[in-house]
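query.tsv (TSV, C-alpha atoms (C1' of nucleotides)) appears below.
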chain	number	residue	atom	x	y	z
A	1	MET	CA	-20.57	-17.04	-10.12
A	2	ASP	CA	-23.80	-15.88	-11.70
A	3	ALA	CA	-27.23	-15.05	-10.35
A	4	ALA	CA	-28.20	-18.73	-10.24
A	5	ASP	CA	-25.14	-19.51	-8.11
A	6	LEU	CA	-26.08	-16.73	-5.70
A	7	ALA	CA	-29.60	-18.13	-5.46
A	8	ASP	CA	-28.10	-21.52	-4.59
A	9	LEU	CA	-25.91	-19.79	-2.05
A	10	THR	CA	-28.78	-18.06	-0.27
A	11	ASP	CA	-30.87	-21.25	-0.35
A	12	TRP	CA	-27.97	-23.04	1.31
A	13	PHE	CA	-27.70	-20.25	3.87
A	14	ASP	CA	-31.42	-20.47	4.68
A	15	ARG	CA	-31.10	-24.21	5.18
A	16	THR	CA	-27.84	-24.51	7.09
A	17	ALA	CA	-26.81	-21.20	8.68
A	18	ARG	CA	-25.43	-21.55	12.17
A	19	ASP	CA	-27.83	-20.54	14.92
A	20	LEU	CA	-25.61	-17.77	16.30
A	21	ALA	CA	-26.95	-15.71	19.19
A	22	TRP	CA	-26.70	-12.36	17.38
A	23	ARG	CA	-28.64	-13.72	14.41
A	24	LYS	CA	-31.81	-14.29	16.41
A	25	PRO	CA	-34.79	-12.16	15.36
A	26	GLY	CA	-35.09	-9.02	17.41
A	27	THR	CA	-31.37	-8.42	17.77
A	28	THR	CA	-30.89	-4.65	17.78
A	29	GLY	CA	-28.36	-2.58	15.91
A	30	TRP	CA	-26.51	-2.32	19.20
A	31	GLY	CA	-26.40	-6.10	19.51
A	32	VAL	CA	-25.08	-6.43	15.98
A	33	LEU	CA	-22.45	-3.74	16.55
A	34	VAL	CA	-21.21	-5.39	19.76
A	35	SER	CA	-20.99	-8.76	18.01
A	36	GLU	CA	-19.05	-7.33	15.07
A	37	ILE	CA	-16.50	-5.61	17.29
A	38	MET	CA	-16.04	-8.74	19.40
A	39	LEU	CA	-15.67	-10.89	16.28
A	40	GLN	CA	-12.77	-8.84	14.89
A	41	GLN	CA	-9.90	-11.35	14.66
A	42	THR	CA	-11.67	-13.51	17.24
A	43	PRO	CA	-13.36	-16.92	16.77
A	44	VAL	CA	-17.14	-17.21	17.10
A	45	ALA	CA	-16.95	-19.79	19.87
A	46	ARG	CA	-15.06	-17.43	22.16
A	47	VAL	CA	-17.35	-14.48	21.46
A	48	GLU	CA	-20.75	-16.02	22.01
A	49	PRO	CA	-20.76	-16.35	25.84
A	50	ILE	CA	-19.29	-12.88	26.31
A	51	TRP	CA	-21.79	-11.33	23.90
A	52	LEU	CA	-24.69	-12.88	25.84
A	53	GLU	CA	-23.33	-11.46	29.10
A	54	TRP	CA	-22.93	-8.02	27.58
A	55	MET	CA	-26.43	-7.94	26.11
A	56	ALA	CA	-27.94	-8.87	29.47
A	57	ARG	CA	-25.81	-6.37	31.35
A	58	TRP	CA	-25.71	-3.50	28.85
A	59	PRO	CA	-28.76	-3.74	26.55
A	60	LEU	CA	-28.34	-0.16	25.31
A	61	PRO	CA	-25.33	1.95	24.33
A	62	SER	CA	-26.12	4.32	27.20
A	63	ALA	CA	-25.87	1.44	29.66
A	64	LEU	CA	-22.37	0.57	28.52
A	65	ALA	CA	-21.44	4.23	28.47
A	66	ALA	CA	-22.42	4.48	32.12
A	67	ALA	CA	-19.96	1.75	33.11
A	68	SER	CA	-16.35	2.54	33.93
A	69	GLN	CA	-13.61	1.59	31.50
A	70	GLY	CA	-12.28	-0.85	34.07
A	71	GLU	CA	-15.61	-2.65	34.36
A	72	VAL	CA	-15.74	-2.89	30.58
A	73	LEU	CA	-12.21	-4.27	30.35
A	74	ARG	CA	-12.99	-6.85	33.03
A	75	ALA	CA	-16.14	-7.92	31.20
A	76	TRP	CA	-14.14	-8.14	27.96
A	77	GLY	CA	-12.12	-10.82	29.73
A	78	LYS	CA	-9.66	-12.63	27.50
A	79	LEU	CA	-11.24	-11.92	24.12
A	80	GLY	CA	-7.98	-10.23	23.14
A	81	TYR	CA	-7.10	-6.84	21.64
A	82	PRO	CA	-8.61	-5.02	24.66
A	83	ARG	CA	-8.31	-1.65	22.94
A	84	ARG	CA	-11.45	-2.82	21.12
A	85	ALA	CA	-13.32	-2.72	24.42
A	86	LEU	CA	-12.21	0.83	25.09
A	87	ARG	CA	-13.17	1.94	21.60
A	88	LEU	CA	-16.56	0.25	21.89
A	89	HIS	CA	-17.10	2.06	25.17
A	90	ALA	CA	-16.23	5.34	23.43
A	91	ALA	CA	-18.50	4.50	20.52
A	92	ALA	CA	-21.35	3.73	22.93
A	93	THR	CA	-20.84	7.09	24.60
A	94	ALA	CA	-21.03	8.88	21.24
A	95	ILE	CA	-24.11	6.91	20.20
A	96	ALA	CA	-25.87	7.67	23.48
A	97	THR	CA	-24.94	11.34	23.34
A	98	ASP	CA	-25.22	12.19	19.66
A	99	HIS	CA	-27.51	9.57	18.10
A	100	GLY	CA	-30.39	9.13	20.53
A	101	ASP	CA	-29.00	5.86	21.90
A	102	VAL	CA	-29.60	4.18	18.53
A	103	VAL	CA	-26.76	2.75	16.44
A	104	PRO	CA	-26.61	4.76	13.20
A	105	ALA	CA	-27.60	3.02	9.97
A	106	ASP	CA	-25.54	5.23	7.68
A	107	VAL	CA	-22.16	3.82	6.66
A	108	ASP	CA	-20.36	7.17	6.70
A	109	THR	CA	-21.74	7.99	10.13
A	110	LEU	CA	-20.68	4.59	11.41
A	111	LEU	CA	-17.20	5.10	9.98
A	112	GLY	CA	-16.85	8.16	12.17
A	113	LEU	CA	-17.20	6.14	15.37
A	114	PRO	CA	-14.14	4.75	17.18
A	115	GLY	CA	-13.25	1.14	16.40
A	116	ILE	CA	-15.54	1.00	13.36
A	117	GLY	CA	-13.75	0.58	10.05
A	118	ALA	CA	-14.60	-0.43	6.49
A	119	TYR	CA	-15.75	-3.91	7.43
A	120	THR	CA	-17.72	-3.21	10.61
A	121	ALA	CA	-19.58	-0.17	9.26
A	122	ARG	CA	-20.93	-2.16	6.33
A	123	ALA	CA	-21.62	-5.26	8.41
A	124	VAL	CA	-23.86	-3.19	10.69
A	125	ALA	CA	-25.57	-1.51	7.74
A	126	ALA	CA	-26.25	-4.85	6.06
A	127	PHE	CA	-26.96	-7.17	8.99
A	128	ALA	CA	-28.72	-4.80	11.36
A	129	TYR	CA	-30.47	-2.60	8.82
A	130	GLY	CA	-30.83	-4.75	5.72
A	131	GLN	CA	-28.96	-2.44	3.39
A	132	ARG	CA	-27.28	-3.30	0.12
A	133	CYS	CA	-23.61	-2.65	0.76
A	134	PRO	CA	-20.56	-4.82	0.21
A	135	VAL	CA	-19.34	-6.49	3.40
A	136	VAL	CA	-15.76	-7.64	2.99
A	137	ASP	CA	-13.98	-9.61	5.64
A	138	THR	CA	-11.29	-12.27	5.38
A	139	ASN	CA	-13.89	-14.94	4.59
A	140	VAL	CA	-15.46	-12.98	1.74
A	141	ARG	CA	-12.07	-12.10	0.31
A	142	ARG	CA	-11.17	-15.80	0.19
A	143	VAL	CA	-14.51	-16.82	-1.36
A	144	VAL	CA	-14.24	-14.13	-4.05
A	145	ALA	CA	-10.60	-15.00	-4.75
A	146	ARG	CA	-11.60	-18.60	-5.40
A	147	ALA	CA	-15.11	-18.56	-6.81
A	148	VAL	CA	-14.73	-15.39	-8.91
A	149	HIS	CA	-11.04	-15.05	-9.67
A	150	GLY	CA	-10.09	-18.74	-9.68
A	151	ALA	CA	-7.14	-18.25	-7.34
A	152	GLY	CA	-6.21	-20.47	-4.42
A	153	ASP	CA	-6.55	-17.68	-1.90
A	154	ALA	CA	-6.85	-13.91	-1.62
A	155	GLY	CA	-3.79	-11.74	-2.17
A	156	PRO	CA	-2.96	-8.70	-0.06
A	157	PRO	CA	-6.08	-6.69	0.87
A	158	SER	CA	-7.06	-3.55	-1.01
A	159	THR	CA	-10.20	-2.02	0.44
A	160	THR	CA	-11.16	-0.20	-2.75
A	161	ARG	CA	-10.71	-3.19	-5.03
A	162	ASP	CA	-12.21	-5.68	-2.57
A	163	LEU	CA	-15.34	-3.56	-2.07
A	164	ALA	CA	-15.77	-3.17	-5.83
A	165	ASP	CA	-15.42	-6.92	-6.39
A	166	VAL	CA	-18.18	-7.70	-3.94
A	167	ALA	CA	-20.42	-4.81	-5.01
A	168	LYS	CA	-20.57	-6.38	-8.47
A	169	LEU	CA	-21.96	-9.58	-6.98
A	170	LEU	CA	-24.78	-8.05	-4.95
A	171	PRO	CA	-28.31	-8.15	-6.36
A	172	GLN	CA	-30.23	-4.87	-6.44
A	173	ASP	CA	-32.87	-5.72	-3.86
A	174	PRO	CA	-31.49	-4.59	-0.48
A	175	ALA	CA	-32.85	-7.47	1.60
A	176	THR	CA	-31.58	-10.04	-0.89
A	177	ALA	CA	-28.23	-8.30	-1.11
A	178	ALA	CA	-27.90	-8.34	2.68
A	179	LYS	CA	-28.63	-12.06	2.69
A	180	VAL	CA	-26.00	-12.65	0.01
A	181	SER	CA	-23.52	-10.77	2.16
A	182	ALA	CA	-24.27	-12.94	5.17
A	183	ALA	CA	-24.16	-16.07	3.04
A	184	LEU	CA	-20.78	-15.22	1.52
A	185	MET	CA	-19.33	-14.83	5.00
A	186	GLU	CA	-20.93	-18.03	6.20
A	187	LEU	CA	-19.60	-19.92	3.19
A	188	GLY	CA	-16.07	-18.73	3.91
A	189	ALA	CA	-16.42	-19.56	7.58
A	190	VAL	CA	-17.70	-23.12	7.31
A	191	VAL	CA	-17.08	-24.48	3.77
A	192	CYS	CA	-14.63	-22.36	1.79
A	193	VAL	CA	-12.17	-22.29	4.70
A	194	ALA	CA	-8.48	-21.43	4.52
A	195	ARG	CA	-7.16	-24.92	5.09
A	196	GLY	CA	-9.02	-27.97	3.85
A	197	PRO	CA	-12.00	-26.41	2.04
A	198	ARG	CA	-15.01	-28.76	1.92
A	199	CYS	CA	-15.77	-28.32	-1.77
A	200	ALA	CA	-17.98	-31.41	-1.85
A	201	ASP	CA	-20.43	-29.53	0.37
A	202	CYS	CA	-20.22	-26.23	-1.50
A	203	PRO	CA	-23.48	-24.76	-2.86
A	204	VAL	CA	-21.60	-22.87	-5.61
A	205	PHE	CA	-19.31	-25.71	-6.66
A	206	ASP	CA	-20.61	-25.63	-10.25
A	207	GLY	CA	-19.98	-21.93	-10.66
A	208	CYS	CA	-16.62	-21.83	-8.90
A	209	ALA	CA	-13.77	-20.47	-11.03
A	210	TRP	CA	-11.21	-22.17	-8.78
A	211	GLN	CA	-12.73	-25.55	-9.62
A	212	HIS	CA	-12.80	-24.70	-13.31
A	213	ASN	CA	-9.11	-23.76	-13.07
A	214	GLY	CA	-8.19	-27.11	-11.55
A	215	ARG	CA	-7.76	-25.68	-8.04
A	216	PRO	CA	-4.38	-24.01	-8.49
A	217	ALA	CA	-2.37	-23.35	-5.34
A	218	TYR	CA	-2.06	-19.81	-3.99
A	219	ASP	CA	0.78	-18.11	-5.84
A	220	GLY	CA	0.75	-14.62	-4.38
A	221	PRO	CA	3.18	-13.08	-1.90
A	222	ALA	CA	3.63	-14.92	1.39
A	223	LYS	CA	1.33	-13.68	4.10
A	224	ALA	CA	2.96	-11.91	7.03
A	225	VAL	CA	2.82	-14.18	10.05
A	226	GLN	CA	2.21	-12.48	13.36
A	227	ARG	CA	4.66	-13.76	15.94
A	228	PHE	CA	3.42	-13.74	19.52
A	229	ALA	CA	5.73	-15.51	21.97
A	230	GLY	CA	8.15	-13.02	23.47
A	231	THR	CA	6.55	-9.97	21.88
A	232	ASP	CA	5.29	-6.83	23.59
A	233	ARG	CA	1.79	-8.07	22.89
A	234	GLN	CA	2.39	-11.08	25.11
A	235	VAL	CA	3.88	-8.98	27.89
A	236	ARG	CA	1.08	-6.42	27.72
A	237	GLY	CA	-1.40	-9.27	27.91
A	238	LEU	CA	0.30	-10.67	31.00
A	239	LEU	CA	0.34	-7.28	32.73
A	240	LEU	CA	-3.30	-6.61	31.96
A	241	ASP	CA	-4.28	-10.07	33.12
A	242	VAL	CA	-2.91	-9.29	36.59
A	243	LEU	CA	-5.01	-6.14	36.81
A	244	ARG	CA	-8.16	-7.84	35.47
A	245	GLY	CA	-7.78	-10.50	38.12
A	246	SER	CA	-7.32	-8.11	41.02
A	247	ALA	CA	-10.04	-6.06	42.71
A	248	GLU	CA	-7.36	-3.78	44.15
A	249	PRO	CA	-4.59	-1.82	42.45
A	250	ALA	CA	-1.35	-3.75	41.98
A	251	SER	CA	2.09	-2.61	43.04
A	252	LYS	CA	4.91	-2.26	40.56
A	253	ALA	CA	6.62	-5.14	42.37
A	254	ARG	CA	3.61	-7.34	41.72
A	255	LEU	CA	3.62	-6.47	38.01
A	256	ASP	CA	7.37	-7.07	37.82
A	257	LEU	CA	6.73	-10.76	38.47
A	258	VAL	CA	5.09	-11.37	35.10
A	259	TRP	CA	8.18	-10.95	32.89
A	260	SER	CA	11.89	-11.20	33.57
A	261	ASP	CA	13.16	-8.65	31.06
A	262	ALA	CA	12.84	-5.36	32.98
A	263	GLY	CA	13.33	-3.16	29.94
A	264	GLN	CA	10.60	-4.82	27.94
A	265	ARG	CA	8.33	-5.00	30.97
A	266	ASP	CA	8.63	-1.29	31.70
A	267	ARG	CA	8.19	-0.35	28.07
A	268	CYS	CA	5.00	-2.40	27.91
A	269	LEU	CA	3.59	-0.95	31.11
A	270	ASP	CA	4.28	2.51	29.77
A	271	SER	CA	2.55	1.72	26.49
A	272	LEU	CA	-0.49	0.44	28.38
A	273	LEU	CA	-0.62	3.74	30.26
A	274	VAL	CA	-0.33	5.64	26.99
A	275	ASP	CA	-3.13	3.55	25.48
A	276	GLY	CA	-5.38	4.24	28.46
A	277	LEU	CA	-5.65	0.56	29.32
A	278	VAL	CA	-3.94	1.11	32.69
A	279	GLU	CA	-3.91	4.00	35.13
A	280	GLN	CA	-1.55	4.88	37.93
A	281	THR	CA	-3.13	5.60	41.30
A	282	ALA	CA	-2.29	8.51	43.58
A	283	ASN	CA	0.06	6.34	45.62
A	284	GLY	CA	1.90	5.00	42.58
A	285	GLU	CA	0.17	1.66	42.12
A	286	PHE	CA	-1.46	0.45	38.91
A	287	ALA	CA	-5.09	-0.36	38.09
A	288	LEU	CA	-7.58	-0.65	35.29
A	289	PRO	CA	-8.79	2.82	34.27
A	290	GLY	CA	-11.66	4.63	35.90
A	291	GLU	CA	-11.94	2.50	39.01
A	292	HIS	CA	-9.78	4.44	41.49
B	1	DC	C1'	1.24	0.18	2.36
B	2	DA	C1'	3.29	-2.23	6.51
B	3	DT	C1'	3.02	-2.92	11.20
B	4	DA	C1'	1.31	-3.23	16.06
B	5	DC	C1'	-2.18	-5.01	18.55
B	6	DG	C1'	-4.28	-10.57	22.44
B	7	DT	C1'	-5.51	-15.04	22.82
B	8	DG	C1'	-6.08	-19.78	22.05
B	9	DG	C1'	-6.99	-23.92	19.20
B	10	DC	C1'	-5.48	-27.02	15.74
B	11	DC	C1'	-2.44	-30.09	13.06
C	1	DT	C1'	6.69	-27.95	18.46
C	2	DG	C1'	5.67	-23.97	16.10
C	3	DG	C1'	3.43	-22.09	12.16
C	4	DC	C1'	-1.10	-20.88	10.79
C	5	DC	C1'	-5.46	-19.08	11.44
C	6	DA	C1'	-9.69	-16.41	13.54
C	7	DA	C1'	-16.39	-11.62	11.24
C	8	DG	C1'	-10.09	-5.81	11.50
C	9	DT	C1'	-8.67	-1.09	12.96
C	10	DA	C1'	-5.60	2.71	13.57
C	11	DT	C1'	-1.47	4.81	12.48
Would it be possible to restate this file's structure as structure tokens?
Amino acid sequence: MDAADLADLTDWFDRTARDLAWRKPGTTGWGVLVSEIMLQQTPVARVEPIWLEWMARWPLPSALAAASQGEVLRAWGKLGYPRRALRLHAAATAIATDHGDVVPADVDTLLGLPGIGAYTARAVAAFAYGQRCPVVDTNVRRVVARAVHGAGDAGPPSTTRDLADVAKLLPQDPATAAKVSAALMELGAVVCVARGPRCADCPVFDGCAWQHNGRPAYDGPAKAVQRFAGTDRQVRGLLLDVLRGSAEPASKARLDLVWSDAGQRDRCLDSLLVDGLVEQTANGEFALPGEH
DNA sequence: CATACGTGGCC
DNA sequence: TGGCCAAGTAT
């Protein structure tokens, strides 16, 4: 991939980029941050309606900060990984209190906020503030593995190495670099996908090292597959779903209905309490936090 | 560095 | 059906 390939890539992005809600002109840093947190491990189609609700309801960090944790968890709905919602609420509180209600533009400052890691900090810096910084998510890692390294897929992640790989690709001009970052992600999301890549539609087909190598299969270590059925994650999800769906606190007996294994059930309820996703009321019932 | 952490769609 | 995958982070 050379400079000409990247020019083809950004031309393609200008022509075909999906019309996602958070890409509309005028989206604030707050809007970008909320979208990035919601998109962590979560498909675009599920995020878009929730993001629109949140922007209408909480257009500023201070507005979200003023809501209770329970309200926020209810509005998060079934996006998954609800600790993200709690961390976003905490981040909003810090932004409102310490940063004048404006999402910081500095990567290191962003990294200090809860729920914001190596990917999200740079995504906000690039997409909200037009900075030149490498944005590395699973899509970009796959695109680089193929187009640059000629492999079938990315190996195990290494933040340092992955950031350096992408930094080498970015042009000097910040606005152009930010567009390249967005285009690399878009390419991985819609063309250079994990299964069944649509190489015939690829704007960097000619410069792709994977093509030049004869499209070898991925030969790295097997990726760890996250099991779900029967895990604590499933049980925690079932418990939380009861509380999200109830305006009133739920009794222990009510929660006991969601899972037959009492040991696992109690362990999960306890872990939810520890995580601050559930609170116990004065009379021993259970509820979302901050509502009773 | 490996693992826990939700949820749902697709083949 | 069940594995695989989806804009990761914290520990």
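Using only C-alpha atoms, the shortest contact distance between Val32 (chain A) and any of A:Ala65, A:Ala90, A:Ala4, A:Ala123 is found at A:Ala123.
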Near Pro174 (chain A), within 8 Å and counting all atoms listed in the file, which residues show up once chain neighbours fewer than 3 positions away are dropped, as a PyMOL selection string? chain A and resi 130-132+171+177-178
Atom pair CA of Asp106 (chain A) / CA of Val166 (chain A): separation (Å):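 If I compute the distance from CA of Asp106 (chain A) to CA of Val166 (chain A), I get 18.9 Å.
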Take the point (-1.6, -22.1, 12.0) in the file's coordinates, draw a sphere of radius 12 Å around it, and report as a ChimeraX atom specification every protein, DNA or RNA residue with an atom inside or on it, counting all atoms listed in the file. /A:194-195,223,225-227 /B:8-11 /C:2-6
Near DC1 (chain B), counting only C-alpha atoms (C1' of nucleotides), which residues have an atom at most 12 Å away, once you skip same-chain residues fewer than 5 positions from it, shown as a PDB file with C-alpha atoms (C1' of nucleotides), in the coordinates of the input?
ATOM      1  CA  PRO A 156      -2.960  -8.700  -0.060  1.00  0.00           C
ATOM      2  CA  PRO A 157      -6.080  -6.690   0.870  1.00  0.00           C
ATOM      3  CA  SER A 158      -7.060  -3.550  -1.010  1.00  0.00           C
ATOM      4  CA  THR A 159     -10.200  -2.020   0.440  1.00  0.00           C
TER       5      THR A 159
ATOM      6  C1'  DT C  11      -1.470   4.810  12.480  1.00  0.00           C
TER       7       DT C  11
END
Suppose you want the space between C1' of DA2 (chain B) and CA of Gly196 (chain A); what is it in Å? 28.7 Å
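Across the structure, CA of Arg83 (chain A) and CA of Val190 (chain A) are spaced 28.2 Å apart.
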Mind listing as a ChimeraX atom specification which residues of chain A are within 7 Å of chain B, counting only C-alpha atoms (C1' of nucleotides)? /A:78-81,233,237
Using all atoms listed in the file, find the residues of chain C whose closest atom to chain A is at most 7 Å away, then write them as a PyMOL selection string. chain C and resi 6-9
Output for the residues just chosen: C-alpha atoms (C1' of nucleotides) as a PDB file, in the coordinates of the input:
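Just written: selection.pdb:
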ATOM      1  C1'  DA C   6      -9.690 -16.410  13.540  1.00  0.00           C
ATOM      2  C1'  DA C   7     -16.390 -11.620  11.240  1.00  0.00           C
ATOM      3  C1'  DG C   8     -10.090  -5.810  11.500  1.00  0.00           C
ATOM      4  C1'  DT C   9      -8.670  -1.090  12.960  1.00  0.00           C
TER       5       DT C   9
END
Can you pull out the residues contacting Val235 (chain A)? Cut-off 7 Å, using only C-alpha atoms (C1' of nucleotides), and skip same-chain residues under 2 positions away; I want them as a short mmCIF file (atom, residue, chain, number, x, y, z; two decimals) with C-alpha atoms, keeping the file's coordinate frame.
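Heads up, here's the output in result09.cif:
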data_model
loop_
_atom_site.label_atom_id
_atom_site.label_comp_id
_atom_site.auth_asym_id
_atom_site.auth_seq_id
_atom_site.Cartn_x
_atom_site.Cartn_y
_atom_site.Cartn_z
CA THR A 231 6.55 -9.97 21.88
CA ASP A 232 5.29 -6.83 23.59
CA ARG A 233 1.79 -8.07 22.89
CA GLY A 237 -1.40 -9.27 27.91
CA LEU A 238 0.30 -10.67 31.00
CA LEU A 239 0.34 -7.28 32.73
CA TRP A 259 8.18 -10.95 32.89
CA ARG A 265 8.33 -5.00 30.97
CA CYS A 268 5.00 -2.40 27.91
#
